[in-house]
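upload22.cif (mmCIF, C-alpha atoms)
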```
data_work
loop_
_atom_site.label_atom_id
_atom_site.label_comp_id
_atom_site.auth_asym_id
_atom_site.auth_seq_id
_atom_site.Cartn_x
_atom_site.Cartn_y
_atom_site.Cartn_z
CA MET A 1 -7.38 -11.06 -48.04
CA ALA A 2 -6.71 -7.57 -46.73
CA THR A 3 -8.21 -4.53 -48.41
CA ILE A 4 -6.48 -1.22 -47.73
CA ARG A 5 -7.89 2.07 -48.92
CA LYS A 6 -7.12 5.69 -48.21
CA LYS A 7 -9.61 7.42 -45.92
CA GLY A 8 -9.25 11.16 -46.12
CA GLU A 9 -5.87 12.86 -46.20
CA LEU A 10 -4.26 11.31 -43.12
CA GLN A 11 -5.89 7.91 -42.57
CA TRP A 12 -5.75 4.44 -44.10
CA HIS A 13 -8.59 1.97 -43.58
CA CYS A 14 -7.76 -1.74 -43.52
CA GLN A 15 -10.34 -4.54 -43.67
CA ILE A 16 -9.71 -8.28 -43.52
CA ARG A 17 -12.37 -10.81 -44.49
CA ARG A 18 -12.05 -14.57 -44.24
CA LYS A 19 -14.76 -17.20 -44.33
CA GLY A 20 -15.64 -18.52 -40.89
CA TYR A 21 -14.16 -15.53 -39.04
CA PRO A 22 -15.58 -12.11 -38.11
CA ALA A 23 -14.44 -9.27 -40.34
CA GLN A 24 -11.58 -7.23 -38.88
CA THR A 25 -11.28 -3.51 -39.55
CA ARG A 26 -8.95 -0.83 -38.27
CA THR A 27 -7.81 2.66 -39.27
CA PHE A 28 -4.17 3.80 -39.30
CA GLU A 29 -2.25 7.00 -39.93
CA THR A 30 0.06 5.39 -42.53
CA ARG A 31 -0.28 2.68 -45.14
CA ASP A 32 2.82 0.96 -43.78
CA ALA A 33 1.20 0.56 -40.34
CA ALA A 34 -1.97 -0.81 -41.96
CA GLU A 35 0.03 -3.38 -43.96
CA LYS A 36 1.94 -4.54 -40.86
CA TRP A 37 -1.30 -5.01 -38.95
CA ALA A 38 -2.88 -6.88 -41.83
CA ARG A 39 0.10 -9.27 -42.08
CA ALA A 40 -0.07 -9.94 -38.31
CA ILE A 41 -3.80 -10.71 -38.40
CA GLU A 42 -3.50 -12.91 -41.48
CA ARG A 43 -0.65 -14.81 -39.83
CA GLU A 44 -2.93 -15.51 -36.87
CA LEU A 45 -5.68 -16.68 -39.20
CA ASP A 46 -3.29 -18.98 -41.04
CA THR A 47 -1.97 -20.57 -37.84
CA SER A 48 -5.34 -20.82 -36.01
CA GLY A 49 -4.02 -18.39 -33.41
CA PHE A 50 -6.60 -15.75 -34.28
CA ILE A 51 -7.92 -13.54 -31.45
CA ASP A 52 -10.87 -11.25 -32.08
CA ARG A 53 -9.75 -7.94 -30.59
CA ARG A 54 -12.61 -5.80 -31.83
CA GLU A 55 -14.29 -5.33 -28.43
CA ALA A 56 -10.95 -4.70 -26.73
CA GLU A 57 -10.05 -2.07 -29.30
CA LYS A 58 -13.30 -0.14 -29.13
CA SER A 59 -13.94 -0.41 -25.37
CA THR A 60 -12.15 1.72 -22.80
CA LEU A 61 -11.43 0.58 -19.27
CA ARG A 62 -13.92 3.25 -18.14
CA THR A 63 -16.81 1.62 -20.03
CA ILE A 64 -15.86 -1.79 -18.65
CA LEU A 65 -15.60 -0.53 -15.04
CA GLU A 66 -18.93 1.28 -15.30
CA ARG A 67 -20.63 -1.78 -16.80
CA TYR A 68 -19.19 -4.03 -14.09
CA ARG A 69 -20.35 -1.65 -11.36
CA ARG A 70 -23.81 -1.53 -12.92
CA GLU A 71 -24.31 -5.24 -13.67
CA ILE A 72 -22.07 -7.24 -11.31
CA THR A 73 -21.29 -5.19 -8.21
CA PRO A 74 -24.91 -4.94 -6.90
CA SER A 75 -25.06 -8.73 -6.45
CA LYS A 76 -22.09 -8.74 -4.07
CA LYS A 77 -22.14 -8.55 -0.29
CA SER A 78 -19.53 -5.79 -0.37
CA ALA A 79 -21.33 -3.86 -3.10
CA ALA A 80 -21.11 -0.46 -1.41
CA ILE A 81 -17.39 -0.72 -0.72
CA GLU A 82 -16.59 -2.12 -4.18
CA SER A 83 -18.56 0.66 -5.84
CA ILE A 84 -16.53 3.26 -3.94
CA LYS A 85 -13.25 1.65 -4.97
CA ILE A 86 -14.33 1.51 -8.61
CA ASP A 87 -15.13 5.24 -8.37
CA VAL A 88 -11.58 5.80 -7.11
CA ILE A 89 -10.12 4.03 -10.15
CA LEU A 90 -12.44 5.97 -12.47
CA ARG A 91 -11.17 9.28 -11.08
CA ASP A 92 -7.63 8.59 -12.28
CA PRO A 93 -6.84 10.94 -15.21
CA VAL A 94 -5.13 8.30 -17.35
CA LEU A 95 -5.92 4.64 -16.73
CA PRO A 96 -9.73 4.60 -17.26
CA ASN A 97 -9.41 6.38 -20.60
CA LEU A 98 -7.19 3.71 -22.15
CA LYS A 99 -8.58 1.24 -24.65
CA MET A 100 -8.67 -2.26 -23.21
CA SER A 101 -6.26 -3.34 -25.94
CA ALA A 102 -3.79 -0.67 -24.71
CA LEU A 103 -3.99 -1.78 -21.08
CA THR A 104 -0.44 -2.87 -20.26
CA SER A 105 1.43 -3.75 -17.09
CA SER A 106 3.42 -0.51 -17.36
CA GLU A 107 0.22 1.56 -17.46
CA VAL A 108 -1.15 -0.29 -14.43
CA ALA A 109 2.20 0.17 -12.64
CA SER A 110 2.08 3.92 -13.32
CA TRP A 111 -1.43 4.08 -11.88
CA ARG A 112 -0.23 2.09 -8.85
CA ASP A 113 2.54 4.63 -8.22
CA ARG A 114 0.13 7.54 -8.51
CA ARG A 115 -2.15 5.94 -5.91
CA LEU A 116 0.75 5.17 -3.57
CA SER A 117 1.46 8.89 -3.30
CA ASP A 118 -1.96 9.29 -1.64
CA VAL A 119 -2.80 6.03 0.17
CA SER A 120 -1.16 3.02 1.79
CA GLY A 121 0.05 -0.12 0.05
CA SER A 122 -2.77 -2.17 1.59
CA THR A 123 -5.37 0.18 0.13
CA VAL A 124 -3.76 0.01 -3.32
CA ASN A 125 -3.62 -3.79 -3.13
CA ARG A 126 -7.35 -3.94 -2.51
CA GLU A 127 -7.98 -1.66 -5.47
CA ILE A 128 -5.68 -3.81 -7.63
CA ASP A 129 -7.72 -6.87 -6.65
CA ILE A 130 -10.90 -5.20 -7.90
CA LEU A 131 -9.22 -4.05 -11.11
CA SER A 132 -8.03 -7.60 -11.79
CA ALA A 133 -11.48 -9.06 -11.07
CA VAL A 134 -13.10 -6.62 -13.50
CA ILE A 135 -10.62 -7.45 -16.27
CA ASN A 136 -11.00 -11.21 -15.75
CA HIS A 137 -14.79 -10.96 -15.86
CA ALA A 138 -14.63 -8.90 -19.06
CA ARG A 139 -12.35 -11.54 -20.61
CA ARG A 140 -14.65 -14.42 -19.64
CA GLU A 141 -18.05 -12.88 -20.26
CA TRP A 142 -17.79 -9.85 -22.54
CA ASP A 143 -15.42 -10.92 -25.34
CA ILE A 144 -12.65 -8.58 -24.21
CA HIS A 145 -9.76 -10.69 -25.48
CA ILE A 146 -6.68 -9.33 -23.75
CA GLU A 147 -4.15 -10.71 -21.35
CA ASN A 148 -4.74 -9.52 -17.82
CA PRO A 149 -1.71 -7.29 -17.09
CA VAL A 150 -2.28 -7.18 -13.32
CA PRO A 151 -0.36 -10.41 -12.44
CA LEU A 152 2.74 -8.87 -14.06
CA VAL A 153 2.61 -5.79 -11.82
CA LYS A 154 4.59 -5.77 -8.58
CA ARG A 155 2.33 -5.42 -5.59
CA PRO A 156 3.03 -2.73 -2.99
CA GLU A 157 4.29 -3.94 0.35
CA LYS A 158 1.53 -4.58 2.84
CA SER A 159 1.18 -2.12 5.65
CA ARG A 160 2.40 -3.28 9.02
CA ALA A 161 -0.26 -4.90 11.15
CA ARG A 162 -2.01 -2.31 13.29
CA GLU A 163 -1.21 -2.61 16.97
CA ARG A 164 -3.15 0.43 18.16
CA ARG A 165 -4.96 -0.14 21.43
CA LEU A 166 -7.02 2.21 23.57
CA SER A 167 -5.69 3.29 26.94
CA GLU A 168 -8.11 3.59 29.84
CA GLU A 169 -7.91 7.37 29.65
CA GLU A 170 -8.55 7.40 25.90
CA GLU A 171 -11.55 5.13 26.32
CA ARG A 172 -12.96 7.34 29.07
CA TYR A 173 -12.72 10.51 26.94
CA LEU A 174 -14.08 8.72 23.87
CA PHE A 175 -17.19 7.42 25.60
CA ALA A 176 -17.82 10.80 27.18
CA ALA A 177 -17.81 12.28 23.67
CA LEU A 178 -20.10 9.51 22.37
CA GLU A 179 -22.85 10.13 24.91
CA GLU A 180 -25.98 11.78 23.55
CA ALA A 181 -26.01 15.58 23.71
CA PRO A 182 -28.35 17.06 26.31
CA ARG A 183 -30.66 19.85 25.19
CA ARG A 184 -30.15 23.34 26.61
CA VAL A 185 -32.96 25.51 27.97
CA ASP A 186 -33.04 27.51 24.73
CA GLY A 187 -33.63 24.33 22.71
CA THR A 188 -30.12 23.98 21.28
CA PHE A 189 -27.84 21.04 21.98
CA GLU A 190 -24.59 20.97 23.90
CA LYS A 191 -21.42 19.86 22.14
CA ALA A 192 -21.82 16.05 22.14
CA ALA A 193 -23.20 13.21 20.02
CA ARG A 194 -26.59 13.77 18.40
CA ASN A 195 -27.05 10.09 17.55
CA PRO A 196 -28.18 7.95 20.52
CA TRP A 197 -26.97 4.74 18.86
CA LEU A 198 -23.28 5.67 18.68
CA ALA A 199 -22.25 4.83 22.25
CA PRO A 200 -24.00 1.42 22.44
CA VAL A 201 -22.61 0.41 19.03
CA VAL A 202 -19.02 1.15 20.08
CA LYS A 203 -19.50 -0.44 23.50
CA LEU A 204 -20.91 -3.62 21.96
CA ALA A 205 -18.05 -3.73 19.44
CA LEU A 206 -15.52 -3.63 22.29
CA GLU A 207 -17.35 -6.45 24.10
CA THR A 208 -17.90 -8.84 21.18
CA ALA A 209 -15.22 -8.15 18.50
CA MET A 210 -18.03 -8.06 15.95
CA ARG A 211 -17.38 -6.26 12.68
CA ARG A 212 -19.13 -2.99 11.92
CA GLY A 213 -21.38 -4.61 9.30
CA GLU A 214 -22.25 -7.49 11.61
CA ILE A 215 -23.37 -5.09 14.35
CA LEU A 216 -25.36 -2.85 12.01
CA ASN A 217 -27.08 -5.85 10.38
CA LEU A 218 -27.91 -7.51 13.70
CA GLU A 219 -31.66 -8.10 14.18
CA TRP A 220 -33.57 -8.62 17.41
CA GLN A 221 -34.94 -11.94 16.17
CA HIS A 222 -31.39 -13.30 16.28
CA VAL A 223 -30.60 -12.01 19.78
CA ASP A 224 -31.28 -14.25 22.79
CA LEU A 225 -30.53 -12.34 25.98
CA LYS A 226 -31.38 -15.33 28.20
CA LYS A 227 -28.91 -17.61 26.45
CA GLN A 228 -26.56 -14.66 25.99
CA THR A 229 -26.06 -15.17 22.27
CA ALA A 230 -26.33 -13.16 19.05
CA HIS A 231 -26.66 -15.15 15.83
CA LEU A 232 -25.11 -13.78 12.65
CA PRO A 233 -26.65 -15.63 9.67
CA ASP A 234 -24.44 -13.97 7.09
CA THR A 235 -20.90 -12.83 7.87
CA LYS A 236 -18.01 -11.45 5.81
CA ASN A 237 -16.46 -14.88 5.16
CA GLY A 238 -19.81 -16.32 4.04
CA ASP A 239 -20.46 -18.49 7.09
CA SER A 240 -22.94 -17.95 9.88
CA ARG A 241 -21.80 -17.84 13.48
CA THR A 242 -23.26 -17.33 16.91
CA VAL A 243 -21.49 -14.82 19.10
CA PRO A 244 -21.49 -15.37 22.89
CA LEU A 245 -22.49 -12.26 24.83
CA SER A 246 -20.82 -11.25 28.05
CA SER A 247 -22.96 -9.97 30.90
CA ARG A 248 -21.84 -6.47 29.99
CA ALA A 249 -22.90 -7.00 26.35
CA VAL A 250 -26.30 -8.25 27.57
CA ALA A 251 -26.64 -5.12 29.69
CA ILE A 252 -25.84 -2.91 26.69
CA LEU A 253 -28.49 -4.60 24.57
CA SER A 254 -31.03 -4.61 27.40
CA ASN A 255 -30.78 -0.86 27.81
CA ILE A 256 -31.52 0.14 24.24
CA PRO A 257 -35.07 0.48 22.82
CA ARG A 258 -36.47 -2.05 20.38
CA SER A 259 -36.81 -0.57 16.90
CA ILE A 260 -39.86 -1.17 14.73
CA VAL A 261 -37.81 -2.30 11.72
CA GLY A 262 -36.27 -5.19 13.64
CA GLN A 263 -32.70 -3.94 13.48
CA VAL A 264 -30.94 -3.64 16.80
CA PHE A 265 -29.16 -0.49 15.64
CA PRO A 266 -31.12 1.50 13.01
CA ILE A 267 -28.12 3.51 11.86
CA THR A 268 -26.31 3.62 8.52
CA PRO A 269 -22.59 2.87 8.06
CA MET A 270 -22.01 6.46 6.91
CA ALA A 271 -23.77 7.89 9.96
CA LEU A 272 -21.67 5.69 12.22
CA ARG A 273 -18.45 6.69 10.46
CA LYS A 274 -19.19 10.41 10.67
CA GLY A 275 -20.44 10.19 14.24
CA PHE A 276 -17.39 8.22 15.38
CA THR A 277 -15.00 10.66 13.67
CA ARG A 278 -16.71 13.68 15.22
CA ALA A 279 -16.65 12.03 18.66
CA LEU A 280 -12.91 11.52 18.33
CA ASP A 281 -12.48 15.20 17.48
CA ARG A 282 -14.55 16.25 20.50
CA ALA A 283 -12.67 13.86 22.79
CA ARG A 284 -9.27 15.20 21.66
CA GLU A 285 -10.47 18.79 22.07
CA LYS A 286 -11.76 18.09 25.58
CA TYR A 287 -8.50 16.34 26.49
CA LYS A 288 -6.47 19.37 25.41
CA GLU A 289 -8.75 21.71 27.35
CA ASP A 290 -8.33 19.60 30.49
CA CYS A 291 -4.56 19.51 30.04
CA ALA A 292 -4.51 23.30 29.72
CA GLU A 293 -6.51 23.68 32.93
CA THR A 294 -4.22 21.35 34.91
CA GLY A 295 -1.04 22.68 33.33
CA ASN A 296 -0.09 19.29 31.90
CA LYS A 297 1.49 18.92 28.48
CA PRO A 298 -0.94 17.03 26.20
CA ASP A 299 0.19 13.79 24.59
CA THR A 300 0.19 14.34 20.82
CA SER A 301 -0.66 10.67 20.23
CA PHE A 302 -3.82 10.84 22.36
CA LEU A 303 -6.68 9.24 20.36
CA SER A 304 -4.67 9.74 17.18
CA ASP A 305 -4.85 7.30 14.28
CA ILE A 306 -7.96 5.59 15.66
CA HIS A 307 -10.53 3.94 13.38
CA PHE A 308 -13.75 2.14 14.24
CA HIS A 309 -12.24 -1.15 13.07
CA ASP A 310 -9.66 -0.80 15.86
CA THR A 311 -12.45 -1.77 18.25
CA ARG A 312 -12.20 -5.28 16.78
CA HIS A 313 -8.45 -5.36 17.52
CA GLU A 314 -9.06 -4.12 21.04
CA ALA A 315 -11.89 -6.57 21.68
CA ALA A 316 -9.90 -9.54 20.35
CA SER A 317 -7.01 -8.67 22.66
CA ARG A 318 -9.33 -8.36 25.64
CA LEU A 319 -11.14 -11.60 24.84
CA ALA A 320 -7.80 -13.41 24.54
CA GLU A 321 -7.16 -12.62 28.20
CA LYS A 322 -10.36 -14.50 29.10
CA LEU A 323 -10.20 -17.28 26.48
CA SER A 324 -6.80 -18.93 26.57
CA ASN A 325 -7.82 -21.48 23.92
CA ILE A 326 -7.15 -19.89 20.52
CA LEU A 327 -9.84 -22.06 18.87
CA GLU A 328 -12.41 -20.66 21.28
CA LEU A 329 -11.20 -17.16 20.52
CA SER A 330 -11.48 -17.73 16.74
CA ALA A 331 -15.02 -19.07 17.24
CA VAL A 332 -15.97 -15.76 18.86
CA THR A 333 -14.23 -13.46 16.37
CA GLY A 334 -15.10 -15.52 13.29
CA HIS A 335 -11.55 -15.88 11.96
CA LYS A 336 -10.98 -18.97 9.83
CA ASP A 337 -7.28 -18.26 9.42
CA LEU A 338 -5.44 -18.25 12.73
CA ARG A 339 -2.65 -16.21 11.14
CA MET A 340 -5.16 -13.44 10.50
CA LEU A 341 -6.39 -13.72 14.07
CA LYS A 342 -2.81 -13.08 15.21
CA ARG A 343 -2.97 -9.69 13.46
CA TYR A 344 -5.88 -8.80 15.74
CA TYR A 345 -4.40 -9.98 19.02
CA HIS A 346 -2.09 -7.38 20.55
CA PRO A 347 -1.37 -8.10 24.21
CA ARG A 348 0.27 -5.33 26.22
CA ALA A 349 3.75 -6.17 27.42
CA GLU A 350 2.89 -5.10 30.95
CA ASP A 351 -0.09 -7.48 31.02
CA LEU A 352 2.09 -10.38 29.88
CA ALA A 353 4.64 -9.46 32.54
CA LYS A 354 1.95 -9.80 35.23
CA LYS A 355 1.17 -13.32 34.03
CA LEU A 356 4.84 -14.25 34.26
CA GLY A 357 4.89 -13.25 37.92
#
```
Once you've parsed the file, please lay out its structure as C-alpha cells.
Amino acid sequence: MATIRKKGELQWHCQIRRKGYPAQTRTFETRDAAEKWARAIERELDTSGFIDRREAEKSTLRTILERYRREITPSKKSAAIESIKIDVILRDPVLPNLKMSALTSSEVASWRDRRLSDVSGSTVNREIDILSAVINHARREWDIHIENPVPLVKRPEKSRARERRLSEEEERYLFAALEEAPRRVDGTFEKAARNPWLAPVVKLALETAMRRGEILNLEWQHVDLKKQTAHLPDTKNGDSRTVPLSSRAVAILSNIPRSIVGQVFPITPMALRKGFTRALDRAREKYKEDCAETGNKPDTSFLSDIHFHDTRHEAASRLAEKLSNILELSAVTGHKDLRMLKRYYHPRAEDLAKKLG
C-alpha cells in the first residue's frame, strides 16, 4: 500500500511497503507524479516483476566510476591506463553527474559525440568498453539494477589501420636525437637526450617488435644472451612467450649496464613517453636546420604523426622480410589473431617490387 504525504510546499513523499520486499521511497514535485510512480511499483510487485532501484536512484555514475577505480582497477594488468581513461570520463561535464537510473542510451550517445570532437573513434571505443564494463560490474555486484545502455549506442567507426613507417633518413635523425647529451665545459648539457635508456629501448623495440610494457618489464633473469632469447612471463594477452633476439638485439643488450633492481631498463612509461616526444621534436628541428643550410625545402611530413607504438609496426614489417612463415612471425610478435597481425605488417611497395624481379 502506498502512502503519499506532502513534504514542504513543493514536494510530495511517497512510500510503499509490502511484506517480503524492501521499502520503496521517493520524493516528487507533484502528487500526480507520486501516484503514477506508486501505481507502477505496485504493478511490478503484483506481477513479480519488481526491481529494487534504490541504489540506482541514489548513486551517480561518478560515484560508481570512482568506486570501480578504487576497488577493481588496481587488480588489473592495465590498471594505469584504465585509471586514466576513467579520469577522462569523469571530466565530462554531464555524464558522470547523472543518476544511474537516468543513464540512457541517448545520454551516452551525447557523451560519445562530445568525445569525438576531441579524439578518434578508436579512442572513444576503448573508453566505451570501460564504461560498459563498469556498468556491468555495478549491476552484478553492487545492486545497481539498470539496463546497460551501452549496447544500444552506435559505435564510432574504427580508425584506419596505421601504415606509418620510418624512412632511413627519419630513423637516422631520430637516433641522433635519442643519444645521450654530452656535458659542456661549463657543466651544462647540450641539446640532446638526458636519459641514457631512451636510445637502447627504441633500438630494441625496432629489433624485436616487443610492446612498450614488455620491454620496460623485462628482467635480466629472463634474458639469455647465449641462446639469444628474452622470456616474457606475462604479456598483454595473458600468455607467456619467448622472444628470439637477433645478433643486433644481443649487441644492444650487451652494451647496456646491469641495473641493481633487476630490470633491464629502469625507466618509467611516462619518462619514456616524454623522452621519445622530446627526441622527435629535436629531430624535426635539426632536420629543418639542415634543410635551411643546404637550401632544400623541408618535407612537412618528416617524423610527423609518429608514436612509440609505431616501432612495433616497423619491427613487424622488417621481421616479415626475414620470416616468410606467418606462424613464425606471430610467434615472435605474440599475436594470437592473424588478422590483427596483418594490421602491423606494412610492406613497402618498392620492396615487394624487388621480390617480383
Chain and number of each residue from the PyMOL selection byres ((chain A and resi 3-5) around 7), as a ChimeraX atom specification: /A:1-2,6-7,12-16
Would you translate the PyMOL selection byres ((chain A and resi 307-316) around 9) into the concrete set of residues it matches in this file, as JSON, numbers by chain? {"A": [162, 163, 164, 165, 166, 202, 203, 205, 206, 207, 208, 209, 210, 211, 212, 272, 273, 276, 277, 305, 306, 317, 318, 319, 320, 321, 329, 332, 333, 341, 343, 344, 345, 346]}
Translate the PyMOL selection byres ((chain A and resi 147) around 10) into a concrete residue list for this structure, as a VMD selection string. chain A and resid 100 to 101 103 to 105 135 to 136 139 144 to 146 148 to 151
Resulting file, chosen residues, C-alpha atoms, as a CSV table (one decimal), in the frame of the given file:
```csv
chain,number,residue,atom,x,y,z
A,100,MET,CA,-8.7,-2.3,-23.2
A,101,SER,CA,-6.3,-3.3,-25.9
A,103,LEU,CA,-4.0,-1.8,-21.1
A,104,THR,CA,-0.4,-2.9,-20.3
A,105,SER,CA,1.4,-3.8,-17.1
A,135,ILE,CA,-10.6,-7.4,-16.3
A,136,ASN,CA,-11.0,-11.2,-15.8
A,139,ARG,CA,-12.4,-11.5,-20.6
A,144,ILE,CA,-12.6,-8.6,-24.2
A,145,HIS,CA,-9.8,-10.7,-25.5
A,146,ILE,CA,-6.7,-9.3,-23.8
A,148,ASN,CA,-4.7,-9.5,-17.8
A,149,PRO,CA,-1.7,-7.3,-17.1
A,150,VAL,CA,-2.3,-7.2,-13.3
A,151,PRO,CA,-0.4,-10.4,-12.4
```
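Between atom CA of Glu170 of chain A and atom CA of Lys286 of chain A the separation is 11.2 Å.
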Quick check, in Å to one decimal: how far apart do atom CA of Glu66 of chain A and atom CA of Leu216 of chain A lie? 28.4 Å
So which one's closest to Glu171 of chain A, A:Arg284, A:Arg194, A:Arg62, A:Lys76? Using all atoms listed in the file, please. A:Arg284
Atoms kept (N, CA and C atoms) for segment 290-316 of chain A, as a short mmCIF file (atom, residue, chain, number, x, y, z; two decimals), in the first residue's frame:
```cif
data_model
loop_
_atom_site.label_atom_id
_atom_site.label_comp_id
_atom_site.auth_asym_id
_atom_site.auth_seq_id
_atom_site.Cartn_x
_atom_site.Cartn_y
_atom_site.Cartn_z
N ASP A 290 69.07 21.69 -41.04
CA ASP A 290 69.92 21.15 -42.10
C ASP A 290 69.38 21.50 -43.48
N CYS A 291 68.06 21.47 -43.61
CA CYS A 291 67.44 21.83 -44.89
C CYS A 291 67.71 23.30 -45.22
N ALA A 292 67.65 24.14 -44.19
CA ALA A 292 67.91 25.58 -44.40
C ALA A 292 69.34 25.82 -44.84
N GLU A 293 70.27 25.05 -44.27
CA GLU A 293 71.68 25.21 -44.62
C GLU A 293 71.97 24.76 -46.05
N THR A 294 71.30 23.70 -46.48
CA THR A 294 71.54 23.16 -47.83
C THR A 294 70.64 23.79 -48.88
N GLY A 295 69.66 24.58 -48.42
CA GLY A 295 68.76 25.23 -49.36
C GLY A 295 67.66 24.33 -49.87
N ASN A 296 67.46 23.19 -49.21
CA ASN A 296 66.40 22.26 -49.60
C ASN A 296 65.10 22.59 -48.87
N LYS A 297 64.00 22.35 -49.54
CA LYS A 297 62.69 22.57 -48.92
C LYS A 297 62.38 21.38 -48.01
N PRO A 298 62.10 21.63 -46.72
CA PRO A 298 61.83 20.52 -45.81
C PRO A 298 60.50 19.83 -46.11
N ASP A 299 60.48 18.53 -45.92
CA ASP A 299 59.26 17.75 -46.09
C ASP A 299 58.41 17.92 -44.84
N THR A 300 57.21 18.42 -45.00
CA THR A 300 56.33 18.69 -43.84
C THR A 300 55.92 17.43 -43.11
N SER A 301 56.00 16.28 -43.77
CA SER A 301 55.60 15.02 -43.14
C SER A 301 56.76 14.34 -42.41
N PHE A 302 57.92 14.96 -42.41
CA PHE A 302 59.11 14.35 -41.82
C PHE A 302 58.91 14.13 -40.32
N LEU A 303 58.97 12.86 -39.89
CA LEU A 303 58.78 12.47 -38.49
C LEU A 303 57.49 13.01 -37.89
N SER A 304 56.49 13.23 -38.73
CA SER A 304 55.19 13.68 -38.22
C SER A 304 54.32 12.46 -37.90
N ASP A 305 53.42 12.64 -36.98
CA ASP A 305 52.47 11.58 -36.61
C ASP A 305 53.18 10.27 -36.28
N ILE A 306 54.24 10.36 -35.48
CA ILE A 306 54.98 9.17 -35.05
C ILE A 306 54.73 8.95 -33.56
N HIS A 307 54.42 7.71 -33.20
CA HIS A 307 54.25 7.33 -31.80
C HIS A 307 55.19 6.17 -31.49
N PHE A 308 55.47 5.97 -30.21
CA PHE A 308 56.38 4.87 -29.86
C PHE A 308 55.83 3.53 -30.35
N HIS A 309 54.52 3.35 -30.30
CA HIS A 309 53.94 2.07 -30.71
C HIS A 309 54.19 1.78 -32.19
N ASP A 310 54.51 2.81 -32.97
CA ASP A 310 54.82 2.59 -34.38
C ASP A 310 56.09 1.76 -34.56
N THR A 311 56.92 1.71 -33.52
CA THR A 311 58.11 0.86 -33.61
C THR A 311 57.71 -0.61 -33.73
N ARG A 312 56.58 -0.96 -33.17
CA ARG A 312 56.09 -2.35 -33.28
C ARG A 312 55.63 -2.64 -34.70
N HIS A 313 54.96 -1.67 -35.34
CA HIS A 313 54.58 -1.81 -36.75
C HIS A 313 55.81 -1.96 -37.62
N GLU A 314 56.78 -1.08 -37.38
CA GLU A 314 58.00 -1.09 -38.18
C GLU A 314 58.75 -2.40 -38.00
N ALA A 315 58.88 -2.86 -36.76
CA ALA A 315 59.61 -4.09 -36.49
C ALA A 315 58.91 -5.30 -37.11
N ALA A 316 57.58 -5.34 -37.02
CA ALA A 316 56.84 -6.47 -37.61
C ALA A 316 57.04 -6.53 -39.11
#
```
